[in-house]
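Below is the file work16.cif, which contains mmCIF, C-alpha atoms.
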```
data_final
#
loop_
_atom_site.label_atom_id
_atom_site.label_comp_id
_atom_site.auth_asym_id
_atom_site.auth_seq_id
_atom_site.Cartn_x
_atom_site.Cartn_y
_atom_site.Cartn_z
CA MET T 1 0.00 0.00 0.00
CA ARG T 2 2.82 2.37 0.86
CA SER T 3 4.59 1.93 -2.51
CA ARG T 4 1.27 2.34 -4.32
CA SER T 5 0.58 5.58 -2.42
CA PHE T 6 4.05 6.89 -3.19
CA ALA T 7 3.60 6.08 -6.88
CA LEU T 8 0.31 7.97 -6.95
CA VAL T 9 1.91 10.99 -5.27
CA LEU T 10 4.79 10.89 -7.76
CA VAL T 11 2.48 10.74 -10.76
CA ALA T 12 0.27 13.50 -9.37
CA THR T 13 3.26 15.73 -8.66
CA LEU T 14 4.76 15.30 -12.11
CA ALA T 15 1.36 15.79 -13.70
CA SER T 16 0.86 19.04 -11.78
CA ALA T 17 4.19 20.25 -13.15
CA GLY T 18 2.83 20.05 -16.66
CA THR T 19 4.84 18.74 -19.55
CA ALA T 20 7.51 20.77 -21.23
CA TRP T 21 5.14 21.44 -24.12
CA ALA T 22 2.74 23.38 -21.85
CA GLN T 23 5.41 26.02 -21.10
CA LEU T 24 6.32 28.80 -23.50
CA PRO T 25 9.70 28.02 -25.07
CA LEU T 26 12.82 29.80 -23.91
CA ASN T 27 14.41 31.28 -27.01
CA VAL T 28 18.20 31.58 -26.79
CA VAL T 29 18.88 34.77 -28.72
CA ARG T 30 22.15 35.15 -30.61
CA VAL T 31 24.20 38.19 -29.59
CA PRO T 32 27.55 39.55 -30.78
CA GLY T 33 30.78 39.01 -28.91
CA VAL T 34 33.08 36.22 -27.80
CA GLY T 35 33.91 34.53 -24.51
CA PRO T 36 31.84 34.00 -21.36
CA ILE T 37 28.65 36.01 -20.82
CA SER T 38 28.60 36.36 -17.05
CA ASP T 39 27.52 39.90 -16.16
CA PRO T 40 23.82 40.42 -15.32
CA ALA T 41 24.20 44.16 -16.04
CA LEU T 42 25.20 43.78 -19.70
CA PRO T 43 22.98 45.76 -22.13
CA LEU T 44 22.61 42.64 -24.33
CA TRP T 45 20.03 41.24 -21.89
CA LYS T 46 17.62 43.93 -23.08
CA GLN T 47 17.58 42.26 -26.50
CA ASP T 48 15.98 39.13 -25.10
CA ARG T 49 12.42 38.56 -23.95
CA ALA T 50 11.98 36.92 -20.58
CA ILE T 51 9.65 34.02 -19.92
CA HIS T 52 7.93 33.45 -16.59
CA VAL T 53 8.61 30.06 -15.03
CA ALA T 54 6.24 28.87 -12.30
CA MET T 55 8.04 27.14 -9.45
CA LEU T 56 6.60 24.03 -7.82
CA ALA T 57 6.66 22.57 -4.33
CA GLN T 58 9.08 19.68 -3.98
CA THR T 59 6.87 16.83 -2.72
CA VAL T 60 8.40 13.93 -4.65
CA THR T 61 11.19 12.89 -2.31
CA LEU T 62 11.93 13.49 1.36
CA PRO T 63 12.47 15.96 2.88
CA HIS T 64 9.52 17.72 1.23
CA ASN T 65 9.14 21.46 0.78
CA ASP T 66 5.36 21.84 0.71
CA HIS T 67 5.35 25.62 0.82
CA PRO T 68 8.36 27.08 -0.99
CA SER T 69 8.80 30.82 -0.60
CA ILE T 70 9.65 31.44 -4.27
CA HIS T 71 6.74 30.91 -6.65
CA GLU T 72 8.00 32.38 -9.92
CA MET T 73 11.20 33.30 -11.72
CA THR T 74 11.85 35.14 -14.95
CA VAL T 75 14.45 33.65 -17.27
CA ARG T 76 16.29 34.99 -20.32
CA ALA T 77 18.89 33.19 -22.43
CA VAL T 78 21.46 34.29 -25.02
CA HIS T 79 24.44 32.82 -26.85
CA ASN T 80 27.35 34.20 -28.88
CA ASN T 81 28.03 30.98 -30.82
CA GLY T 82 30.62 30.02 -28.23
CA TRP T 83 28.95 30.44 -24.85
CA VAL T 84 25.34 30.12 -23.72
CA ALA T 85 24.07 32.10 -20.74
CA PHE T 86 20.92 32.23 -18.62
CA LEU T 87 19.80 35.30 -16.69
CA ILE T 88 17.50 34.27 -13.83
CA GLU T 89 15.64 36.78 -11.67
CA TRP T 90 13.45 36.28 -8.62
CA ALA T 91 12.20 38.25 -5.62
CA ASP T 92 13.88 37.41 -2.32
CA PRO T 93 13.58 39.87 0.58
CA THR T 94 16.25 38.04 2.60
CA HIS T 95 19.84 38.34 1.38
CA SER T 96 21.36 35.02 2.50
CA GLU T 97 24.99 34.80 1.42
CA ARG T 98 26.65 33.17 4.42
CA ILE T 99 26.42 29.63 5.71
CA VAL T 100 26.60 29.07 9.45
CA LEU T 101 25.22 26.40 11.75
CA ASP T 102 21.50 25.88 10.99
CA ASN T 103 21.45 28.69 8.42
CA PHE T 104 21.65 28.38 4.65
CA GLY T 105 22.47 30.43 1.58
CA ASP T 106 20.45 31.37 -1.49
CA GLN T 107 21.00 29.18 -4.56
CA VAL T 108 19.68 28.66 -8.08
CA ALA T 109 20.37 25.95 -10.65
CA VAL T 110 19.92 25.27 -14.36
CA GLU T 111 19.59 21.67 -15.52
CA LEU T 112 20.24 20.47 -19.10
CA PRO T 113 19.94 16.95 -20.52
CA ILE T 114 23.33 15.71 -21.73
CA ASP T 115 21.73 13.73 -24.54
CA THR T 116 19.91 16.40 -26.54
CA LYS T 117 18.19 13.93 -28.89
CA GLY T 118 14.75 12.54 -28.20
CA ALA T 119 12.66 12.93 -25.06
CA PRO T 120 14.42 14.40 -22.02
CA PRO T 121 15.07 12.31 -18.88
CA SER T 122 13.37 12.95 -15.56
CA PRO T 123 13.54 16.62 -14.56
CA MET T 124 14.20 15.46 -11.00
CA MET T 125 18.00 15.20 -11.44
CA GLY T 126 17.74 12.74 -14.33
CA ASN T 127 17.38 8.96 -14.10
CA PRO T 128 19.56 5.86 -14.68
CA GLY T 129 20.70 6.11 -18.28
CA GLY T 130 19.39 9.68 -18.51
CA ARG T 131 22.24 11.87 -17.29
CA VAL T 132 21.84 15.61 -16.76
CA ASN T 133 24.18 18.55 -16.31
CA ILE T 134 23.28 20.73 -13.31
CA MET T 135 24.93 24.12 -12.93
CA GLN T 136 24.28 25.50 -9.45
CA TRP T 137 25.05 29.08 -8.44
CA ARG T 138 25.56 29.71 -4.72
CA ALA T 139 25.32 33.08 -2.98
CA ALA T 140 27.93 32.00 -0.41
CA PHE T 141 30.44 31.34 -3.20
CA GLN T 142 29.61 34.72 -4.73
CA HIS T 143 30.25 36.40 -1.37
CA ASP T 144 33.65 34.71 -1.04
CA ILE T 145 34.68 35.77 -4.55
CA ASP T 146 33.45 39.36 -4.20
CA LYS T 147 34.45 40.06 -0.59
CA GLY T 148 36.78 37.26 0.43
CA PRO T 149 36.03 34.24 2.64
CA PRO T 150 34.60 35.18 6.05
CA THR T 151 36.67 34.48 9.14
CA VAL T 152 35.52 32.22 11.95
CA ARG T 153 35.12 35.33 14.11
CA GLU T 154 32.83 36.94 11.52
CA LEU T 155 30.64 33.83 11.27
CA TYR T 156 30.63 33.03 14.98
CA PRO T 157 31.36 36.21 17.00
CA ASN T 158 31.26 34.35 20.31
CA ALA T 159 33.56 31.51 19.25
CA TRP T 160 36.89 31.10 21.05
CA ALA T 161 39.91 28.98 20.27
CA ASP T 162 43.33 29.02 21.88
CA VAL T 163 45.10 27.10 19.12
CA TYR T 164 44.32 25.42 15.82
CA PRO T 165 45.56 21.90 14.95
CA ASP T 166 47.48 23.07 11.87
CA GLU T 167 49.50 25.39 14.10
CA MET T 168 50.89 22.44 16.06
CA LEU T 169 50.69 19.44 13.74
CA SER T 170 51.92 18.57 10.28
CA ALA T 171 49.45 18.92 7.41
CA ALA T 172 48.89 15.14 7.35
CA ASP T 173 48.30 14.90 11.12
CA ALA T 174 46.01 17.96 11.16
CA ARG T 175 43.85 16.63 8.33
CA PRO T 176 41.40 14.65 10.55
CA TYR T 177 40.59 17.89 12.39
CA THR T 178 39.70 19.87 9.28
CA GLY T 179 36.23 18.39 8.77
CA ALA T 180 34.77 18.51 5.28
CA LEU T 181 37.86 20.27 3.93
CA GLY T 182 40.01 17.34 5.00
CA LEU T 183 37.65 14.99 3.16
CA GLU T 184 38.09 16.98 -0.06
CA ASN T 185 34.45 18.09 -0.07
CA PRO T 186 34.28 20.48 -3.05
CA ILE T 187 31.76 22.68 -1.24
CA SER T 188 34.40 23.45 1.39
CA ARG T 189 37.19 24.39 -0.97
CA GLY T 190 37.81 27.84 -2.34
CA THR T 191 36.49 28.27 -5.87
CA ALA T 192 37.16 30.62 -8.76
CA SER T 193 33.52 30.46 -9.90
CA PRO T 194 30.29 30.87 -7.92
CA VAL T 195 28.77 28.10 -10.08
CA LEU T 196 29.29 24.40 -9.43
CA ASP T 197 29.33 22.29 -12.61
CA GLN T 198 27.71 18.94 -11.70
CA MET T 199 26.12 15.82 -13.19
CA ALA T 200 23.45 13.40 -11.98
CA GLU T 201 21.48 10.31 -13.02
CA GLY T 202 18.71 10.43 -10.42
CA TRP T 203 18.14 11.30 -6.77
CA GLY T 204 21.21 11.04 -4.58
CA THR T 205 23.67 10.86 -7.49
CA MET T 206 24.74 14.50 -7.72
CA THR T 207 28.47 14.62 -8.44
CA VAL T 208 30.74 17.63 -8.86
CA LYS T 209 32.55 17.20 -12.16
CA PRO T 210 36.36 17.08 -12.05
CA ASP T 211 36.55 19.65 -14.85
CA GLN T 212 34.61 22.80 -14.07
CA HIS T 213 33.37 24.79 -17.07
CA ALA T 214 30.44 26.81 -15.71
CA LEU T 215 30.83 30.46 -14.72
CA GLY T 216 28.44 33.12 -13.51
CA LYS T 217 27.66 36.05 -11.30
CA GLY T 218 24.82 37.02 -8.99
CA VAL T 219 23.78 40.47 -7.75
CA TRP T 220 21.16 41.13 -5.05
CA LYS T 221 19.57 44.57 -5.04
CA ASN T 222 16.30 45.91 -3.66
CA GLY T 223 15.05 42.45 -2.73
CA VAL T 224 15.73 40.86 -6.13
CA TRP T 225 18.40 38.40 -7.22
CA ARG T 226 19.74 38.67 -10.78
CA VAL T 227 21.97 35.69 -11.50
CA VAL T 228 23.78 34.70 -14.70
CA ILE T 229 24.89 31.11 -15.27
CA THR T 230 27.01 30.55 -18.38
CA ARG T 231 28.91 27.68 -19.95
CA PRO T 232 30.63 26.81 -23.25
CA MET T 233 28.20 25.57 -25.86
CA ALA T 234 30.53 22.68 -26.65
CA SER T 235 33.58 21.19 -24.94
CA ASP T 236 35.51 17.95 -24.66
CA ASP T 237 33.58 17.10 -21.47
CA VAL T 238 31.48 13.99 -22.17
CA ASN T 239 29.24 14.94 -19.22
CA SER T 240 28.12 18.21 -20.79
CA PRO T 241 25.54 18.74 -23.53
CA ARG T 242 26.66 19.81 -26.97
CA LEU T 243 24.68 22.95 -27.82
CA VAL T 244 24.63 24.26 -31.39
CA PRO T 245 22.61 26.95 -33.18
CA GLY T 246 19.31 25.55 -34.39
CA LEU T 247 19.11 22.92 -31.62
CA GLN T 248 15.83 22.35 -29.79
CA THR T 249 16.34 20.87 -26.33
CA TYR T 250 15.16 21.53 -22.75
CA ALA T 251 16.12 23.27 -19.52
CA ALA T 252 14.81 22.87 -15.99
CA PHE T 253 15.33 25.05 -12.93
CA ALA T 254 15.51 24.94 -9.15
CA VAL T 255 15.84 27.66 -6.51
CA TRP T 256 16.50 27.77 -2.78
CA ASP T 257 15.65 30.59 -0.36
CA GLY T 258 18.25 30.34 2.39
CA GLY T 259 16.30 32.79 4.55
CA SER T 260 13.43 30.29 4.60
CA ARG T 261 15.79 27.44 5.57
CA GLU T 262 15.67 25.85 2.14
CA VAL T 263 18.56 23.51 1.33
CA GLY T 264 19.04 20.19 -0.46
CA ALA T 265 15.69 18.65 -1.35
CA ARG T 266 13.86 21.53 0.37
CA LYS T 267 13.59 23.68 -2.73
CA ALA T 268 11.25 24.96 -5.43
CA TRP T 269 11.63 23.44 -8.87
CA ALA T 270 10.33 23.72 -12.43
CA SER T 271 9.89 20.95 -14.96
CA TRP T 272 11.41 20.95 -18.45
CA VAL T 273 11.05 24.13 -20.48
CA PRO T 274 11.60 23.88 -24.25
CA LEU T 275 14.91 25.53 -25.18
CA VAL T 276 15.37 26.81 -28.74
CA ILE T 277 18.84 28.02 -29.72
CA ALA T 278 18.70 30.65 -32.45
CA ARG T 279 20.93 30.34 -35.52
#
```
Show the structure stored in the file as structure tokens.
Amino acid sequence: MRSRSFALVLVATLASAGTAWAQLPLNVVRVPGVGPISDPALPLWKQDRAIHVAMLAQTVTLPHNDHPSIHEMTVRAVHNNGWVAFLIEWADPTHSERIVLDNFGDQVAVELPIDTKGAPPSPMMGNPGGRVNIMQWRAAFQHDIDKGPPTVRELYPNAWADVYPDEMLSAADARPYTGALGLENPISRGTASPVLDQMAEGWGTMTVKPDQHALGKGVWKNGVWRVVITRPMASDDVNSPRLVPGLQTYAAFAVWDGGSREVGARKAWASWVPLVIAR
């Protein structure tokens, strides 16, 4: 009975998302220039028409997010025949750019199917045999790039330490005391880009790719995030889609409001949107 109930919930949730064909297509307008398109303030964004993407509650897998705080985003997309870029905007009154105990940062992600031929895989992080590329921008990464990593004292004003292990021990001996950093968790390392380039084939399979190609920038002003996520249209990475002018494929989106304690599966998401790349 339990598996039957879960299946019914899954079907109902995906049905409520609507198919990709029910959403207006996102036209990727061709613009002049070369190289990455990573600035949300560029005048070229005025050449493109935004579409409105309705965000859905995540009730497919635990932990659920029955009442996400973000209900809609506007999305634009452009390419210069070398790089494709998405400008994503949404209202968020809380500027969450630091991660401390029991607090989370704002995030947004673009998902693309790696195989651009035929029907897309599951929009919920793909499925076995249906791999997806997920590019996830994080406000905390943007903060570190723009302003430098925060100190322990800035994050925890009342913290106190007399000595740190790396001040007394060799690097190898201090490693067990460095937490996630010592385990080579990519989230804990410094990064040159605020966007994590990842791949997945279903729930629980998200993997940070060894070669990072995605770039971007996010700016929060007057209660609105404007975030650009950009990547090369083609590369030698077998875990990235090959995007060419004239291609018709799909894109899906997810967003997290750190101020509402959204993280991991607690997010708002949107099913596949048709993506048409202009010649």
For Arg261 in chain T, which of T:Lys209, T:Arg131, T:His67, T:His52 is the closest residue, counting all atoms listed in the file?
T:His67
Find the residue from T:Leu247, T:Ala200, T:Ala174, T:Val224 that sits nearest to Ser96 in chain T; use only C-alpha atoms when measuring.
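Using only C-alpha atoms, the shortest distance to Ser96 in chain T belongs to T:Val224.
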Evaluate the PyMOL selection byres ((chain T and resi 64) around 12) here and jot the selected residues down as a ChimeraX atom specification.
/T:13,56-63,65-68,262-269
Translate the PyMOL selection byres ((chain T and resi 48) around 8), as applied to the file shown, into an explicit residue set as a ChimeraX atom specification.
/T:29,44-47,49-50,76-78
Fewer than 4 positions away in the same chain doesn't count, so skip those; otherwise give me all residues within 7 Å of Leu196 in chain T, counting all atoms listed in the file, as number ranges by chain.
T: 135-137, 208, 214
Please rebuild range 115-130 of chain T with N, CA, C and O atoms and give the result as a PDB file, keeping the file's coordinate frame.
```pdb
ATOM      1  N   ASP T 115      22.144  14.226 -23.235  1.00  0.00           N
ATOM      2  CA  ASP T 115      21.730  13.730 -24.540  1.00  0.00           C
ATOM      3  C   ASP T 115      20.612  14.625 -25.045  1.00  0.00           C
ATOM      4  O   ASP T 115      19.504  14.609 -24.499  1.00  0.00           O
ATOM      5  N   THR T 116      20.888  15.423 -26.060  1.00  0.00           N
ATOM      6  CA  THR T 116      19.910  16.400 -26.540  1.00  0.00           C
ATOM      7  C   THR T 116      18.984  15.845 -27.609  1.00  0.00           C
ATOM      8  O   THR T 116      18.206  16.595 -28.197  1.00  0.00           O
ATOM      9  N   LYS T 117      19.057  14.541 -27.874  1.00  0.00           N
ATOM     10  CA  LYS T 117      18.190  13.930 -28.890  1.00  0.00           C
ATOM     11  C   LYS T 117      17.063  13.165 -28.203  1.00  0.00           C
ATOM     12  O   LYS T 117      17.264  12.474 -27.215  1.00  0.00           O
ATOM     13  N   GLY T 118      15.876  13.287 -28.738  1.00  0.00           N
ATOM     14  CA  GLY T 118      14.750  12.540 -28.200  1.00  0.00           C
ATOM     15  C   GLY T 118      14.166  13.192 -26.963  1.00  0.00           C
ATOM     16  O   GLY T 118      14.454  14.342 -26.625  1.00  0.00           O
ATOM     17  N   ALA T 119      13.327  12.433 -26.247  1.00  0.00           N
ATOM     18  CA  ALA T 119      12.660  12.930 -25.060  1.00  0.00           C
ATOM     19  C   ALA T 119      13.667  13.127 -23.930  1.00  0.00           C
ATOM     20  O   ALA T 119      14.627  12.366 -23.795  1.00  0.00           O
ATOM     21  N   PRO T 120      13.474  14.158 -23.106  1.00  0.00           N
ATOM     22  CA  PRO T 120      14.420  14.400 -22.020  1.00  0.00           C
ATOM     23  C   PRO T 120      14.226  13.377 -20.900  1.00  0.00           C
ATOM     24  O   PRO T 120      13.159  12.756 -20.789  1.00  0.00           O
ATOM     25  N   PRO T 121      15.219  13.200 -20.038  1.00  0.00           N
ATOM     26  CA  PRO T 121      15.070  12.310 -18.880  1.00  0.00           C
ATOM     27  C   PRO T 121      14.199  12.974 -17.808  1.00  0.00           C
ATOM     28  O   PRO T 121      13.607  14.035 -18.051  1.00  0.00           O
ATOM     29  N   SER T 122      14.134  12.362 -16.648  1.00  0.00           N
ATOM     30  CA  SER T 122      13.370  12.950 -15.560  1.00  0.00           C
ATOM     31  C   SER T 122      13.928  14.326 -15.198  1.00  0.00           C
ATOM     32  O   SER T 122      15.149  14.494 -15.114  1.00  0.00           O
ATOM     33  N   PRO T 123      13.045  15.308 -14.974  1.00  0.00           N
ATOM     34  CA  PRO T 123      13.540  16.620 -14.560  1.00  0.00           C
ATOM     35  C   PRO T 123      14.050  16.620 -13.130  1.00  0.00           C
ATOM     36  O   PRO T 123      14.705  17.572 -12.706  1.00  0.00           O
ATOM     37  N   MET T 124      13.754  15.564 -12.383  1.00  0.00           N
ATOM     38  CA  MET T 124      14.200  15.460 -11.000  1.00  0.00           C
ATOM     39  C   MET T 124      15.597  14.844 -10.945  1.00  0.00           C
ATOM     40  O   MET T 124      15.794  13.699 -10.549  1.00  0.00           O
ATOM     41  N   MET T 125      16.583  15.602 -11.457  1.00  0.00           N
ATOM     42  CA  MET T 125      18.000  15.200 -11.440  1.00  0.00           C
ATOM     43  C   MET T 125      18.274  14.002 -12.333  1.00  0.00           C
ATOM     44  O   MET T 125      19.210  13.237 -12.088  1.00  0.00           O
ATOM     45  N   GLY T 126      17.489  13.818 -13.390  1.00  0.00           N
ATOM     46  CA  GLY T 126      17.740  12.740 -14.330  1.00  0.00           C
ATOM     47  C   GLY T 126      17.286  11.393 -13.817  1.00  0.00           C
ATOM     48  O   GLY T 126      16.546  11.286 -12.834  1.00  0.00           O
ATOM     49  N   ASN T 127      17.737  10.335 -14.484  1.00  0.00           N
ATOM     50  CA  ASN T 127      17.380   8.960 -14.100  1.00  0.00           C
ATOM     51  C   ASN T 127      18.467   8.033 -14.642  1.00  0.00           C
ATOM     52  O   ASN T 127      19.282   8.443 -15.484  1.00  0.00           O
ATOM     53  N   PRO T 128      18.530   6.781 -14.165  1.00  0.00           N
ATOM     54  CA  PRO T 128      19.560   5.860 -14.680  1.00  0.00           C
ATOM     55  C   PRO T 128      19.512   5.791 -16.201  1.00  0.00           C
ATOM     56  O   PRO T 128      18.476   5.522 -16.790  1.00  0.00           O
ATOM     57  N   GLY T 129      20.636   6.067 -16.827  1.00  0.00           N
ATOM     58  CA  GLY T 129      20.700   6.110 -18.280  1.00  0.00           C
ATOM     59  C   GLY T 129      20.308   7.446 -18.873  1.00  0.00           C
ATOM     60  O   GLY T 129      20.471   7.663 -20.075  1.00  0.00           O
ATOM     61  N   GLY T 130      19.778   8.342 -18.064  1.00  0.00           N
ATOM     62  CA  GLY T 130      19.390   9.680 -18.510  1.00  0.00           C
ATOM     63  C   GLY T 130      20.132  10.722 -17.705  1.00  0.00           C
ATOM     64  O   GLY T 130      19.600  11.273 -16.735  1.00  0.00           O
TER      65      GLY T 130
END
```
